[in-house]
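To be precise, the following lines are model.cif, and they hold mmCIF, C-alpha atoms and all ligand atoms.
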```cif
data_run
loop_
_atom_site.label_atom_id
_atom_site.label_comp_id
_atom_site.auth_asym_id
_atom_site.auth_seq_id
_atom_site.Cartn_x
_atom_site.Cartn_y
_atom_site.Cartn_z
CA MET Y 1 105.52 4.65 24.12
CA GLU Y 2 103.92 3.53 27.37
CA LEU Y 3 101.54 6.05 28.94
CA GLU Y 4 103.81 6.18 31.99
CA ASP Y 5 106.76 7.17 29.83
CA LEU Y 6 104.76 9.93 28.22
CA LEU Y 7 103.65 11.09 31.65
CA LYS Y 8 107.24 11.27 32.77
CA LYS Y 9 108.45 12.91 29.60
CA GLN Y 10 105.79 15.61 29.27
CA PHE Y 11 104.92 16.32 32.89
CA GLY Y 12 107.73 14.84 34.96
CA PHE Y 13 105.35 12.71 37.06
CA THR Y 14 106.29 9.15 37.88
CA SER Y 15 102.84 7.67 38.34
CA PHE Y 16 99.23 8.37 37.55
CA LYS Y 17 96.88 9.51 40.22
CA THR Y 18 93.70 7.54 40.84
CA GLY Y 19 91.43 7.55 37.83
CA GLN Y 20 93.72 9.32 35.39
CA LYS Y 21 94.89 6.29 33.50
CA GLU Y 22 91.40 4.87 33.26
CA VAL Y 23 90.08 8.10 31.79
CA ILE Y 24 92.94 8.43 29.34
CA SER Y 25 92.62 4.82 28.24
CA ALA Y 26 88.90 5.25 27.60
CA LEU Y 27 89.61 8.31 25.47
CA LEU Y 28 92.29 6.49 23.53
CA ASN Y 29 89.61 3.87 22.84
CA LYS Y 30 87.53 6.71 21.42
CA GLN Y 31 84.89 6.43 24.11
CA HIS Y 32 83.07 9.52 25.32
CA THR Y 33 83.89 9.78 28.98
CA LEU Y 34 82.31 11.32 32.04
CA ALA Y 35 84.88 11.47 34.80
CA MET Y 36 83.96 12.37 38.33
CA LEU Y 37 87.18 12.69 40.30
CA PRO Y 38 87.78 14.63 43.51
CA THR Y 39 89.35 18.08 43.37
CA GLY Y 40 93.09 17.95 43.17
CA THR Y 41 93.27 14.52 41.60
CA GLY Y 42 94.60 15.98 38.38
CA LYS Y 43 91.62 16.04 36.07
CA SER Y 44 93.38 18.42 33.68
CA LEU Y 45 96.00 15.84 32.91
CA CYS Y 46 93.23 13.59 31.59
CA TYR Y 47 92.98 15.82 28.50
CA GLN Y 48 96.50 17.23 28.50
CA LEU Y 49 98.21 13.90 28.06
CA PRO Y 50 96.00 12.65 25.20
CA GLY Y 51 96.90 15.93 23.52
CA TYR Y 52 100.34 14.44 22.94
CA ILE Y 53 98.85 11.33 21.37
CA PHE Y 54 95.96 12.62 19.29
CA GLU Y 55 96.67 14.25 15.97
CA GLY Y 56 94.18 17.07 16.12
CA GLN Y 57 93.35 19.78 18.58
CA ILE Y 58 91.98 19.67 22.10
CA VAL Y 59 89.22 22.19 22.78
CA ILE Y 60 88.48 22.80 26.44
CA VAL Y 61 85.39 24.63 27.62
CA SER Y 62 85.92 26.14 31.02
CA PRO Y 63 83.37 28.21 32.95
CA LEU Y 64 85.65 30.63 34.75
CA LEU Y 65 88.20 32.97 33.25
CA SER Y 66 90.48 32.57 36.24
CA LEU Y 67 90.40 28.77 35.99
CA MET Y 68 91.19 29.01 32.33
CA GLN Y 69 94.06 31.38 32.89
CA ASP Y 70 95.48 29.09 35.60
CA GLN Y 71 95.42 26.13 33.28
CA VAL Y 72 97.08 28.02 30.47
CA GLU Y 73 99.83 29.27 32.79
CA GLN Y 74 100.37 25.79 34.16
CA MET Y 75 100.70 24.30 30.71
CA LYS Y 76 103.15 26.96 29.71
CA GLN Y 77 105.20 26.06 32.75
CA TYR Y 78 105.31 22.49 31.54
CA GLY Y 79 106.82 23.90 28.40
CA GLU Y 80 103.73 23.75 26.19
CA LYS Y 81 103.61 26.81 23.98
CA ARG Y 82 100.80 25.80 21.66
CA VAL Y 83 98.13 26.78 24.13
CA VAL Y 84 95.67 29.64 23.99
CA ALA Y 85 92.64 30.93 25.85
CA LEU Y 86 89.83 32.38 23.78
CA ASN Y 87 87.89 34.59 26.11
CA SER Y 88 86.90 38.16 26.77
CA PHE Y 89 90.39 38.96 28.05
CA LEU Y 90 91.59 39.11 24.46
CA SER Y 91 91.32 42.34 22.58
CA GLN Y 92 89.50 42.37 19.26
CA GLU Y 93 92.85 42.35 17.48
CA GLU Y 94 94.38 39.54 19.54
CA ARG Y 95 91.29 37.47 19.02
CA GLY Y 96 91.49 38.05 15.31
CA ASN Y 97 95.10 36.88 15.29
CA VAL Y 98 94.35 33.77 17.29
CA LEU Y 99 91.38 32.85 15.11
CA ALA Y 100 93.31 33.41 11.91
CA PHE Y 101 95.89 30.82 12.93
CA LEU Y 102 93.80 28.57 15.11
CA ASP Y 103 95.33 25.41 13.72
CA ARG Y 104 98.70 26.41 15.16
CA TYR Y 105 97.45 25.72 18.63
CA LYS Y 106 97.22 22.29 20.19
CA PHE Y 107 95.19 23.21 23.27
CA ILE Y 108 92.41 25.73 22.84
CA PHE Y 109 90.62 26.89 25.96
CA ILE Y 110 87.38 28.65 25.33
CA SER Y 111 84.67 30.22 27.41
CA PRO Y 112 81.09 29.08 26.84
CA GLU Y 113 80.07 32.61 25.76
CA MET Y 114 82.57 32.51 22.93
CA LEU Y 115 81.00 29.29 21.71
CA MET Y 116 77.72 31.13 21.25
CA SER Y 117 79.25 33.10 18.40
CA PRO Y 118 78.54 31.60 14.95
CA TYR Y 119 81.75 33.18 13.67
CA ILE Y 120 83.85 31.32 16.23
CA ILE Y 121 81.97 28.09 15.66
CA GLN Y 122 82.76 28.43 11.98
CA LYS Y 123 86.46 28.80 12.80
CA LEU Y 124 86.33 25.76 15.04
CA LYS Y 125 84.70 23.75 12.27
CA ASN Y 126 87.75 24.42 10.13
CA ILE Y 127 90.17 22.77 12.50
CA SER Y 128 90.26 19.14 13.42
CA ILE Y 129 89.06 18.65 16.98
CA SER Y 130 90.22 15.34 18.35
CA LEU Y 131 88.88 15.93 21.83
CA PHE Y 132 86.19 18.25 23.15
CA VAL Y 133 86.47 18.78 26.88
CA VAL Y 134 83.81 20.18 29.16
CA ASP Y 135 85.49 21.11 32.43
CA GLU Y 136 83.30 21.60 35.51
CA ALA Y 137 80.57 19.80 33.61
CA HIS Y 138 78.10 19.97 36.49
CA CYS Y 139 77.48 23.56 35.35
CA ILE Y 140 75.34 22.02 32.61
CA SER Y 141 72.66 20.91 34.98
CA GLN Y 142 70.00 23.05 36.54
CA TRP Y 143 70.16 20.63 39.44
CA GLY Y 144 73.85 21.29 39.94
CA TYR Y 145 75.08 23.91 42.36
CA ASP Y 146 76.61 26.11 39.72
CA PHE Y 147 74.30 26.19 36.73
CA ARG Y 148 75.49 28.21 33.70
CA PRO Y 149 72.85 28.86 31.04
CA ASP Y 150 75.53 28.90 28.32
CA TYR Y 151 76.61 25.45 29.39
CA SER Y 152 73.20 24.02 28.59
CA LYS Y 153 73.79 24.88 24.94
CA LEU Y 154 77.00 22.88 24.70
CA GLY Y 155 75.12 19.85 23.39
CA GLU Y 156 74.05 21.91 20.41
CA VAL Y 157 77.61 23.17 19.93
CA ARG Y 158 78.93 19.61 20.00
CA LYS Y 159 76.48 18.58 17.33
CA THR Y 160 77.45 21.51 15.12
CA LEU Y 161 81.09 20.56 15.52
CA GLY Y 162 80.32 17.07 14.30
CA ASN Y 163 80.04 15.18 17.59
CA PRO Y 164 83.73 15.09 18.47
CA LEU Y 165 85.07 12.71 21.08
CA THR Y 166 84.08 14.28 24.39
CA LEU Y 167 85.35 14.29 27.94
CA ALA Y 168 83.13 15.76 30.66
CA LEU Y 169 84.92 16.48 33.93
CA THR Y 170 83.52 17.25 37.33
CA ALA Y 171 84.50 16.83 40.96
CA THR Y 172 81.04 16.35 42.34
CA ALA Y 173 77.73 15.58 40.79
CA THR Y 174 74.75 13.68 42.06
CA SER Y 175 73.49 10.85 39.88
CA LYS Y 176 70.73 13.16 38.63
CA VAL Y 177 73.29 15.76 37.56
CA ARG Y 178 75.45 13.11 35.92
CA GLU Y 179 72.47 11.95 33.88
CA ASP Y 180 71.77 15.56 32.94
CA ILE Y 181 75.31 16.02 31.70
CA ILE Y 182 75.15 12.91 29.54
CA ARG Y 183 71.75 13.75 28.10
CA SER Y 184 72.48 17.40 27.54
CA LEU Y 185 75.77 16.73 25.75
CA GLY Y 186 74.24 13.82 23.87
CA LEU Y 187 77.01 11.41 24.81
CA ASN Y 188 76.04 8.02 23.46
CA GLY Y 189 77.79 5.00 24.90
CA VAL Y 190 79.52 7.15 27.47
CA LYS Y 191 82.04 5.59 29.81
CA LYS Y 192 81.54 6.75 33.38
CA ILE Y 193 84.57 6.84 35.58
CA GLU Y 194 84.24 7.77 39.20
CA SER Y 195 86.62 7.66 42.03
CA THR Y 196 85.82 8.48 45.57
CA ILE Y 197 87.97 8.44 48.63
CA ASP Y 198 86.53 5.01 49.30
CA ARG Y 199 89.30 2.42 49.12
CA PRO Y 200 87.47 -0.89 49.23
CA ASN Y 201 90.62 -2.99 49.63
CA ILE Y 202 91.65 -1.21 52.82
CA GLY Y 203 90.12 -2.33 56.10
CA PHE Y 204 89.79 0.45 58.65
CA PHE Y 205 90.17 -0.11 62.37
CA VAL Y 206 90.32 2.18 65.37
CA GLU Y 207 91.50 0.77 68.67
CA GLN Y 208 91.25 2.57 71.94
CA ILE Y 209 94.34 1.96 74.04
CA ALA Y 210 94.73 3.14 77.61
CA ASP Y 211 98.11 4.82 77.39
CA TYR Y 212 101.39 5.28 75.58
CA ARG Y 213 103.07 2.18 77.06
CA GLN Y 214 100.23 -0.06 76.07
CA LYS Y 215 100.25 1.46 72.63
CA GLU Y 216 103.87 0.45 72.25
CA ASP Y 217 103.04 -3.11 73.26
CA ARG Y 218 100.11 -3.18 70.89
CA VAL Y 219 102.25 -1.99 67.98
CA LEU Y 220 104.85 -4.68 68.67
CA GLU Y 221 102.07 -7.26 68.72
CA LEU Y 222 100.45 -5.94 65.54
CA VAL Y 223 103.66 -5.70 63.56
CA ALA Y 224 104.56 -9.26 64.54
CA GLN Y 225 101.18 -10.49 63.30
CA LEU Y 226 100.53 -8.38 60.24
CA GLN Y 227 101.77 -8.98 56.76
CA LYS Y 228 104.51 -6.51 55.87
CA PRO Y 229 105.73 -4.08 54.55
CA GLY Y 230 104.04 -1.35 56.53
CA ILE Y 231 104.31 2.20 57.76
CA ILE Y 232 103.72 3.45 61.29
CA TYR Y 233 103.02 7.15 61.59
CA PHE Y 234 103.89 9.19 64.66
CA SER Y 235 103.44 12.85 65.52
CA SER Y 236 106.76 12.94 67.32
CA LYS Y 237 110.22 12.10 66.05
CA LYS Y 238 111.22 10.71 69.42
CA ALA Y 239 108.33 8.28 69.57
CA ALA Y 240 109.11 7.13 66.03
CA GLU Y 241 112.75 6.52 66.97
CA GLN Y 242 111.82 4.61 70.09
CA MET Y 243 109.49 2.34 68.22
CA ALA Y 244 111.98 1.62 65.46
CA ASP Y 245 114.52 0.71 68.14
CA LEU Y 246 112.07 -1.59 69.92
CA LEU Y 247 111.12 -3.37 66.71
CA SER Y 248 114.77 -3.93 65.84
CA GLU Y 249 115.93 -4.88 69.34
CA GLN Y 250 113.15 -7.42 69.72
CA GLN Y 251 113.92 -8.67 66.22
CA ILE Y 252 110.32 -8.37 65.17
CA CYS Y 253 111.20 -7.02 61.75
CA ARG Y 254 113.69 -4.90 59.85
CA ALA Y 255 112.63 -1.42 60.91
CA SER Y 256 114.00 2.05 60.52
CA VAL Y 257 112.99 5.57 61.27
CA TYR Y 258 112.25 8.46 58.93
CA HIS Y 259 111.65 12.07 59.84
CA GLY Y 260 112.58 15.58 58.84
CA GLY Y 261 115.36 15.70 61.45
CA LEU Y 262 117.51 13.24 59.51
CA ASP Y 263 119.88 14.53 56.90
CA GLN Y 264 118.93 14.30 53.27
CA ASP Y 265 121.25 11.38 52.41
CA THR Y 266 119.99 9.25 55.27
CA ARG Y 267 116.41 9.94 54.33
CA ILE Y 268 116.95 8.96 50.73
CA LEU Y 269 118.80 5.82 51.77
CA ILE Y 270 116.03 4.70 54.12
CA GLN Y 271 113.34 5.43 51.57
CA GLN Y 272 115.20 3.41 48.93
CA GLN Y 273 115.76 0.51 51.33
CA PHE Y 274 112.06 0.45 52.06
CA ILE Y 275 111.09 0.65 48.41
CA TYR Y 276 113.44 -2.17 47.48
CA GLY Y 277 112.28 -4.44 50.30
CA GLN Y 278 115.34 -4.26 52.52
CA LEU Y 279 113.25 -2.81 55.30
CA ASP Y 280 109.86 -4.12 56.46
CA VAL Y 281 108.61 -1.23 58.50
CA ILE Y 282 109.20 2.51 58.55
CA CYS Y 283 108.45 4.42 61.73
CA ALA Y 284 107.82 7.84 60.36
CA THR Y 285 106.48 11.29 60.86
CA SER Y 286 104.28 12.88 58.22
CA ALA Y 287 107.50 13.79 56.40
CA PHE Y 288 107.47 10.31 54.91
CA GLY Y 289 105.44 9.26 51.94
CA MET Y 290 105.29 12.01 49.35
CA GLY Y 291 106.54 10.56 46.13
CA VAL Y 292 107.08 7.14 47.66
CA ASN Y 293 105.73 4.92 44.98
CA LYS Y 294 105.42 1.54 46.58
CA GLU Y 295 102.44 -0.54 45.62
CA ASN Y 296 102.50 -3.37 48.12
CA ILE Y 297 102.25 -1.60 51.47
CA ARG Y 298 100.06 -3.91 53.53
CA PHE Y 299 99.42 -1.79 56.59
CA VAL Y 300 99.48 1.77 57.82
CA ILE Y 301 99.30 2.16 61.57
CA HIS Y 302 98.75 5.53 63.18
CA PHE Y 303 100.37 5.65 66.58
CA HIS Y 304 99.12 9.21 66.82
CA MET Y 305 96.32 10.69 64.83
CA PRO Y 306 97.26 13.35 62.32
CA MET Y 307 96.12 16.92 62.87
CA GLN Y 308 93.96 16.93 59.79
CA LEU Y 309 91.60 14.46 58.24
CA GLU Y 310 93.16 15.16 54.84
CA SER Y 311 96.55 14.07 56.12
CA TYR Y 312 95.01 10.93 57.50
CA LEU Y 313 93.43 10.11 54.15
CA GLN Y 314 96.71 10.74 52.35
CA GLU Y 315 98.68 8.60 54.74
CA ILE Y 316 96.38 5.61 54.77
CA GLY Y 317 95.99 6.03 51.01
CA ARG Y 318 99.56 4.73 50.70
CA ALA Y 319 98.36 1.27 51.67
CA GLY Y 320 97.29 -1.26 49.09
CA ARG Y 321 97.93 0.61 45.88
CA ASP Y 322 98.19 -2.79 44.22
CA GLY Y 323 94.55 -3.42 45.11
CA GLU Y 324 95.36 -6.28 47.49
CA PRO Y 325 93.73 -6.39 50.93
CA SER Y 326 95.42 -3.97 53.31
CA ILE Y 327 94.81 -2.56 56.74
CA ALA Y 328 94.69 0.90 58.30
CA ILE Y 329 94.72 0.99 62.09
CA LEU Y 330 94.41 4.08 64.22
CA LEU Y 331 95.49 3.70 67.83
CA TYR Y 332 93.75 6.20 70.01
CA SER Y 333 94.40 7.08 73.63
CA PRO Y 334 92.22 9.60 75.42
CA GLY Y 335 93.89 12.99 75.20
CA ASP Y 336 95.70 12.28 71.92
CA GLU Y 337 93.86 15.13 70.31
CA LEU Y 338 95.78 17.53 72.55
CA LEU Y 339 99.11 16.22 71.39
CA PRO Y 340 99.83 19.03 68.93
CA LEU Y 341 99.71 21.45 71.84
CA GLN Y 342 101.93 19.29 74.02
CA LEU Y 343 104.46 19.04 71.25
CA ALA Y 344 104.60 22.78 71.20
CA GLU Y 345 105.42 23.05 74.88
CA GLY Y 346 109.09 23.49 74.18
CA GLU Y 347 108.17 26.54 72.23
CA LEU Y 348 106.20 28.50 74.76
CA PRO Y 349 106.19 32.27 74.33
CA SER Y 350 108.81 34.18 76.29
CA GLU Y 351 108.03 36.07 79.49
CA SER Y 352 108.23 39.49 77.88
CA GLN Y 353 105.95 38.35 75.10
CA ILE Y 354 103.44 37.11 77.65
CA ASP Y 355 103.61 40.37 79.62
CA TRP Y 356 102.98 42.30 76.49
CA LEU Y 357 100.15 40.03 75.55
CA PHE Y 358 98.46 40.46 78.93
CA ASN Y 359 98.70 44.18 78.59
CA LEU Y 360 97.24 43.98 75.16
CA LEU Y 361 94.33 41.87 76.32
CA GLU Y 362 93.61 44.15 79.26
CA ASN Y 363 94.03 47.49 77.58
CA GLU Y 364 92.95 46.77 74.06
CA GLY Y 365 96.21 48.01 72.72
CA GLU Y 366 96.02 51.78 72.77
CA SER Y 367 97.47 52.65 76.16
CA VAL Y 368 100.07 49.91 76.11
CA ASN Y 369 101.59 51.22 73.01
CA GLY Y 370 101.19 54.88 73.55
CA GLY Y 371 100.16 55.39 69.98
CA ARG Y 372 102.88 53.25 68.43
CA LYS Y 373 101.88 50.69 65.93
CA LEU Y 374 101.22 47.43 67.69
CA SER Y 375 103.21 45.55 65.18
CA GLU Y 376 106.32 47.65 65.82
CA THR Y 377 106.46 46.77 69.48
CA TRP Y 378 105.65 43.26 68.57
CA ARG Y 379 108.48 42.97 66.14
CA GLU Y 380 110.89 44.26 68.77
CA LEU Y 381 109.77 41.41 70.99
CA GLY Y 382 110.60 38.96 68.27
CA GLY Y 383 107.07 37.99 67.29
CA PHE Y 384 105.52 34.56 67.57
CA SER Y 385 106.21 31.45 65.61
CA GLU Y 386 103.28 29.66 64.01
CA VAL Y 387 103.15 27.16 66.85
CA GLN Y 388 103.25 29.91 69.43
CA TRP Y 389 100.33 31.62 67.75
CA ARG Y 390 98.35 28.43 68.08
CA ILE Y 391 99.08 28.27 71.78
CA VAL Y 392 98.19 31.90 72.22
CA GLU Y 393 94.96 31.58 70.29
CA GLU Y 394 94.00 28.50 72.25
CA PHE Y 395 94.74 30.43 75.41
CA VAL Y 396 92.78 33.47 74.37
CA THR Y 397 89.84 31.32 73.31
CA ARG Y 398 89.85 29.67 76.70
CA LEU Y 399 89.77 33.06 78.32
CA GLY Y 400 86.68 33.60 76.25
CA GLN Y 401 88.09 36.65 74.55
CA GLN Y 402 87.91 37.63 70.97
CA ASN Y 403 90.71 40.08 70.60
CA LYS Y 404 90.84 42.03 67.41
CA ASN Y 405 94.24 43.53 68.16
CA LEU Y 406 95.63 40.07 68.39
CA CYS Y 407 94.14 39.13 65.04
CA SER Y 408 95.43 42.25 63.36
CA ILE Y 409 98.98 41.69 64.60
CA ARG Y 410 98.93 38.13 63.48
CA ASN Y 411 97.85 39.14 60.06
CA GLU Y 412 100.46 41.83 59.67
P1 LIG R 501 91.63 18.93 39.49
O1 LIG R 501 91.20 19.66 38.25
O2 LIG R 501 91.21 17.50 39.49
O3 LIG R 501 91.22 19.60 40.76
P2 LIG R 501 94.28 19.61 38.57
O4 LIG R 501 94.16 19.09 37.21
O5 LIG R 501 94.19 21.08 38.73
O6 LIG R 501 93.22 18.91 39.53
O7 LIG R 501 95.63 19.05 39.18
C1 LIG R 501 95.97 19.22 40.53
C2 LIG R 501 97.45 19.10 40.71
O8 LIG R 501 97.88 17.74 40.55
C3 LIG R 501 98.26 19.89 39.69
O9 LIG R 501 99.25 20.62 40.36
C4 LIG R 501 98.88 18.85 38.81
O10 LIG R 501 100.11 19.27 38.29
C5 LIG R 501 99.04 17.68 39.75
N1 LIG R 501 99.06 16.36 39.09
C6 LIG R 501 98.28 15.95 38.10
N2 LIG R 501 98.56 14.69 37.75
C7 LIG R 501 99.56 14.28 38.55
C8 LIG R 501 100.32 13.06 38.68
N3 LIG R 501 100.06 12.00 37.92
N4 LIG R 501 101.28 13.02 39.62
C9 LIG R 501 101.54 14.08 40.39
N5 LIG R 501 100.88 15.25 40.33
C10 LIG R 501 99.90 15.36 39.42
MG MG R 502 90.12 21.21 37.48
#
```
How does this structure look as structure tokens?
Amino acid sequence: MELEDLLKKQFGFTSFKTGQKEVISALLNKQHTLAMLPTGTGKSLCYQLPGYIFEGQIVIVSPLLSLMQDQVEQMKQYGEKRVVALNSFLSQEERGNVLAFLDRYKFIFISPEMLMSPYIIQKLKNISISLFVVDEAHCISQWGYDFRPDYSKLGEVRKTLGNPLTLALTATATSKVREDIIRSLGLNGVKKIESTIDRPNIGFFVEQIADYRQKEDRVLELVAQLQKPGIIYFSSKKAAEQMADLLSEQQICRASVYHGGLDQDTRILIQQQFIYGQLDVICATSAFGMGVNKENIRFVIHFHMPMQLESYLQEIGRAGRDGEPSIAILLYSPGDELLPLQLAEGELPSESQIDWLFNLLENEGESVNGGRKLSETWRELGGFSEVQWRIVEEFVTRLGQQNKNLCSIRNE
């Protein structure tokens, strides 16, 4: 079975995230591996999937009980029942039961303290460990930010267990810490796999453009010149629609629009047309992209900048998955950063809400409400939407006021 098929079958995912396949392939080649992949890239899958290929058991050392519990729960959700966590949460009796039938489990999570017990080590020696995983491996190093004394003894544990194939996982480690991990665990011939947010095949450009009109012209020009397919991201549905119309009317390319305002069927249709090459350009809001597995996207243009850097990274990350040269262009006009607030204009708080708010700011709550709970009055007024809260907070910050009543109502 192809790795992709196994991924789909066991986890329901259609493609690997950056680094996963490389790590798994190294392990299947029986190479000790040190993988440094950013948080959220799915490091757990790097040992979970081989679990369905290797004969023996997967032992995972994890430094935090909560992390361990999360992983166990997650695996159970995927339908994996042969998973257990050996830690201080277990009663004496439960632990005894687990240890008596250890070979029934496929995935054994264990805390580093437990590994200090000769009794448990003996039990582990009786099973066949096909992969020994050290999660959050930076905890091994005194130079790391989260040193765990028990972790520094894992090299010894590994040796006692007969030097099983080992995977060390971490999100961040300096080169010094990485060397520490390798030395401390005694990983000879280790394969190091690192991925950063650096995407060397994507060229990044930012262009300052005077205003909206000129941005439109620039996009038309760029799309005509650039190799397609591509995505253009907008913060507003209307702007996305206008641009798709312009591109079509001027016959620059086959373009369509995609945003959350379209019905489900239309969205799926457009996405499929793009994936199968019947459309060259999608003018989209951030609603577009999740789960769109298209390798040959040559450009991502941002007509507006996203509200968060993470969104920006995600969106441009859709370019050049095939490794071929690709381009990310951000078009910036002065004042763009205020756009989220402008978009919210249609959602300004009502007059009675504003009256109430002014009273609150002036009187610090008490007298306005005559002893009633602030939140009660507030609920009668209908409350604020998320966007309205942002406007209000912006407004209050500009007034230079820190209002604790405001915060407490928001949090209620
Ligand atoms: P990390 O340990 O690197 O921070 P996790 O292993 O906790 O990340 O995984 C983060 C999330 O990514 C999980 O919800 C997991 O189900 C999901 N995930 C892992 N691999 C894939 C994949 N190939 N496609 C989609 N989602 C994935
Ligand atoms: Mg993790």
List as a ChimeraX atom specification the protein and nucleic acid residues lying within 8 Å of ligand MG 502 (chain R), with all atoms listed in the file counted. /Y:39-40,42-44,67,135-136,169-171
Output the neighbourhood of ligand LIG 501 (chain R) as a ChimeraX atom specification, that is, all protein and nucleic acid residues with some atom at most 10 Å from the ligand, counting all atoms listed in the file. /Y:4,7-8,11-21,35-49,67,70-71,74-75,78,135-136,169-171,290-291
Written file, previous selection with C-alpha atoms, as a PDB file, in the coordinates of the input:
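Okay, selection-v1.pdb is ready:
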```
ATOM      1  CA  GLU Y   4     103.810   6.180  31.990  1.00  0.00           C
ATOM      2  CA  LEU Y   7     103.650  11.090  31.650  1.00  0.00           C
ATOM      3  CA  LYS Y   8     107.240  11.270  32.770  1.00  0.00           C
ATOM      4  CA  PHE Y  11     104.920  16.320  32.890  1.00  0.00           C
ATOM      5  CA  GLY Y  12     107.730  14.840  34.960  1.00  0.00           C
ATOM      6  CA  PHE Y  13     105.350  12.710  37.060  1.00  0.00           C
ATOM      7  CA  THR Y  14     106.290   9.150  37.880  1.00  0.00           C
ATOM      8  CA  SER Y  15     102.840   7.670  38.340  1.00  0.00           C
ATOM      9  CA  PHE Y  16      99.230   8.370  37.550  1.00  0.00           C
ATOM     10  CA  LYS Y  17      96.880   9.510  40.220  1.00  0.00           C
ATOM     11  CA  THR Y  18      93.700   7.540  40.840  1.00  0.00           C
ATOM     12  CA  GLY Y  19      91.430   7.550  37.830  1.00  0.00           C
ATOM     13  CA  GLN Y  20      93.720   9.320  35.390  1.00  0.00           C
ATOM     14  CA  LYS Y  21      94.890   6.290  33.500  1.00  0.00           C
ATOM     15  CA  ALA Y  35      84.880  11.470  34.800  1.00  0.00           C
ATOM     16  CA  MET Y  36      83.960  12.370  38.330  1.00  0.00           C
ATOM     17  CA  LEU Y  37      87.180  12.690  40.300  1.00  0.00           C
ATOM     18  CA  PRO Y  38      87.780  14.630  43.510  1.00  0.00           C
ATOM     19  CA  THR Y  39      89.350  18.080  43.370  1.00  0.00           C
ATOM     20  CA  GLY Y  40      93.090  17.950  43.170  1.00  0.00           C
ATOM     21  CA  THR Y  41      93.270  14.520  41.600  1.00  0.00           C
ATOM     22  CA  GLY Y  42      94.600  15.980  38.380  1.00  0.00           C
ATOM     23  CA  LYS Y  43      91.620  16.040  36.070  1.00  0.00           C
ATOM     24  CA  SER Y  44      93.380  18.420  33.680  1.00  0.00           C
ATOM     25  CA  LEU Y  45      96.000  15.840  32.910  1.00  0.00           C
ATOM     26  CA  CYS Y  46      93.230  13.590  31.590  1.00  0.00           C
ATOM     27  CA  TYR Y  47      92.980  15.820  28.500  1.00  0.00           C
ATOM     28  CA  GLN Y  48      96.500  17.230  28.500  1.00  0.00           C
ATOM     29  CA  LEU Y  49      98.210  13.900  28.060  1.00  0.00           C
ATOM     30  CA  LEU Y  67      90.400  28.770  35.990  1.00  0.00           C
ATOM     31  CA  ASP Y  70      95.480  29.090  35.600  1.00  0.00           C
ATOM     32  CA  GLN Y  71      95.420  26.130  33.280  1.00  0.00           C
ATOM     33  CA  GLN Y  74     100.370  25.790  34.160  1.00  0.00           C
ATOM     34  CA  MET Y  75     100.700  24.300  30.710  1.00  0.00           C
ATOM     35  CA  TYR Y  78     105.310  22.490  31.540  1.00  0.00           C
ATOM     36  CA  ASP Y 135      85.490  21.110  32.430  1.00  0.00           C
ATOM     37  CA  GLU Y 136      83.300  21.600  35.510  1.00  0.00           C
ATOM     38  CA  LEU Y 169      84.920  16.480  33.930  1.00  0.00           C
ATOM     39  CA  THR Y 170      83.520  17.250  37.330  1.00  0.00           C
ATOM     40  CA  ALA Y 171      84.500  16.830  40.960  1.00  0.00           C
ATOM     41  CA  MET Y 290     105.290  12.010  49.350  1.00  0.00           C
ATOM     42  CA  GLY Y 291     106.540  10.560  46.130  1.00  0.00           C
TER      43      GLY Y 291
END
```
Skip segment 249-259 of chain Y itself and residues of its chain fewer than 6 positions away, then list as number ranges by chain all residues within 12 Å of it, counting only C-alpha atoms. Y: 217, 219-243, 265-274, 277-289
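The interatomic distance for the pair atom CA of Thr174 of chain Y and atom CA of Val190 of chain Y works out to 16.7 Å.
The gap separating atom CA of Glu295 of chain Y from atom CA of Glu216 of chain Y is 26.7 Å, in Å to one decimal.
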Which residue out of Y:Lys125, Y:Lys215, Y:Ser141, Y:Glu73 has the minimum interatomic distance to Ser175 of chain Y when all atoms listed in the file are used? Y:Ser141
Would you mind listing what lies within 10 Å of Gln122 of chain Y as a PyMOL selection string, with all atoms listed in the file counted and same-chain residues fewer than 6 positions away left out? chain Y and resi 115+160-161
